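See below for query_1.txt, which holds compact mmCIF, C-alpha atoms.
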```
# COMPACT_ATOMS: atom_id res chain seq x y z
CA MET S 1 80.51 249.99 157.82
CA SER S 2 79.75 246.49 159.06
CA LEU S 3 80.46 245.01 155.62
CA ASN S 4 83.95 246.50 155.68
CA ARG S 5 84.53 245.13 159.18
CA THR S 6 83.30 241.71 158.07
CA ALA S 7 85.63 241.77 155.07
CA LYS S 8 88.54 242.63 157.32
CA GLY S 9 87.69 239.67 159.54
CA ILE S 10 87.45 237.36 156.56
CA VAL S 11 90.97 238.38 155.56
CA LEU S 12 92.41 238.44 159.08
CA VAL S 13 91.42 235.00 160.34
CA PRO S 14 92.84 232.82 157.53
CA THR S 15 96.03 234.85 157.19
CA LEU S 16 96.76 234.68 160.91
CA LEU S 17 95.95 230.97 161.07
CA LEU S 18 98.07 230.12 158.03
CA GLY S 19 100.87 232.43 159.18
CA GLY S 20 100.89 230.74 162.57
CA ALA S 21 100.94 227.32 160.92
CA PHE S 22 103.91 228.23 158.74
CA LEU S 23 105.71 229.80 161.69
CA SER S 24 105.23 226.73 163.85
CA ALA S 25 106.32 224.48 160.97
CA ALA S 26 109.49 226.54 160.59
CA LEU S 27 110.28 226.36 164.29
CA TRP S 28 109.31 222.72 164.74
CA THR S 29 111.50 221.04 162.12
CA ASP S 30 114.19 218.45 162.67
CA ASP S 31 117.82 219.46 162.30
CA GLY S 32 118.10 217.53 159.05
CA LEU S 33 115.22 219.40 157.42
CA GLN S 34 116.41 222.98 157.75
CA THR S 35 116.46 223.64 154.01
CA ASN S 36 112.83 224.84 153.96
CA ARG S 37 113.01 226.84 157.19
CA PRO S 38 113.77 230.23 155.53
CA LEU S 39 110.94 229.70 153.06
CA ALA S 40 108.46 228.84 155.81
CA LEU S 41 109.58 231.86 157.86
CA GLY S 42 109.19 234.13 154.83
CA ILE S 43 105.70 232.87 154.03
CA ALA S 44 104.71 233.21 157.70
CA ALA S 45 106.01 236.79 157.83
CA VAL S 46 104.13 237.78 154.67
CA LEU S 47 100.87 236.21 155.85
CA LEU S 48 101.05 237.67 159.35
CA ALA S 49 102.02 241.11 158.06
CA GLY S 50 99.23 241.04 155.46
CA GLY S 51 96.62 240.06 158.00
CA LEU S 52 97.68 242.71 160.47
CA LEU S 53 98.00 245.34 157.76
CA THR S 54 94.36 244.87 156.78
CA GLN S 55 93.38 245.77 160.32
CA LEU S 56 95.48 248.94 160.30
CA LEU S 57 94.19 250.34 157.02
CA PRO S 58 91.73 253.19 157.58
CA GLU S 59 88.11 252.64 156.73
CA GLY S 60 86.65 254.73 153.94
CA LYS S 61 84.00 257.34 154.51
CA PRO S 62 80.46 256.10 153.97
CA GLU S 63 78.96 257.12 150.66
CA ALA S 64 76.13 259.61 150.78
CA GLU S 65 72.85 258.24 149.52
CA PRO S 66 71.49 260.07 146.48
CA GLU S 67 68.50 262.27 147.10
CA ASP S 68 65.25 260.93 145.72
CA SER S 69 63.56 263.69 143.73
CA SER S 70 60.61 261.59 142.59
CA PRO S 71 57.20 262.70 143.92
CA ARG S 72 55.49 260.47 146.45
```

The structure given in the file should be rewritten as C-alpha cells.
Amino acid sequence: MSLNRTAKGIVLVPTLLLGGAFLSAALWTDDGLQTNRPLALGIAAVLLAGGLLTQLLPEGKPEAEPEDSSPR
C-alpha cells in the first residue's frame, strides 16, 4: 500500500505546483497580455483537477501472495 501512496504523492506534488504556477501566471498578467490568459487558466484547471483526482481514486485491494507448496 505504501508504494501506491508514494505514487500518488509523486503525481500530486508536481501537478499542484505547476497548476498553481499557471494559475498565478494567468492572474498576474498585464492588461496588454490577456491573449494567453484563457490558455493558462485551462492548463491550470487541468493540472489541478488531475492532481486532486489522483487523490480521490480508490486504492486497489492488495494482492494475495501465492501459497508456497515446496517442502522446507

Skipping near chain neighbours, those fewer than 4 positions away, what residues fall within 9 Å of Gln55 (chain S) using only C-alpha atoms, listed as a PDB file with C-alpha atoms, in the coordinates of the input?
```pdb
ATOM      1  CA  ARG S   5      84.530 245.130 159.180  1.00  0.00           C
ATOM      2  CA  LYS S   8      88.540 242.630 157.320  1.00  0.00           C
ATOM      3  CA  GLY S   9      87.690 239.670 159.540  1.00  0.00           C
ATOM      4  CA  LEU S  12      92.410 238.440 159.080  1.00  0.00           C
ATOM      5  CA  GLY S  50      99.230 241.040 155.460  1.00  0.00           C
ATOM      6  CA  GLY S  51      96.620 240.060 158.000  1.00  0.00           C
TER       7      GLY S  51
END
```

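Rounded to one decimal, CA of Leu17 (chain S) and CA of Pro58 (chain S) lie 22.9 Å from each other.
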
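CA of Val13 (chain S) lies 28.2 Å from CA of Asp30 (chain S).
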
Figure out the distance between CA of Gly19 (chain S) and CA of Ala40 (chain S), please, to one decimal in Å.
9.0 Å

Skip Val46 (chain S) itself and residues of its chain fewer than 4 positions away, then list as a PyMOL selection string all residues within 12 Å of it, counting only C-alpha atoms.
chain S and resi 15-16+18-20+22-23+39-42+50-53

Residue neighbourhood Ala21 (chain S), 12 Å, all atoms listed in the file, exclusion window fewer than 6 positions, as a VMD selection string
chain S and resid 14 to 15 27 to 28 40 to 41 43 to 45 47 to 48
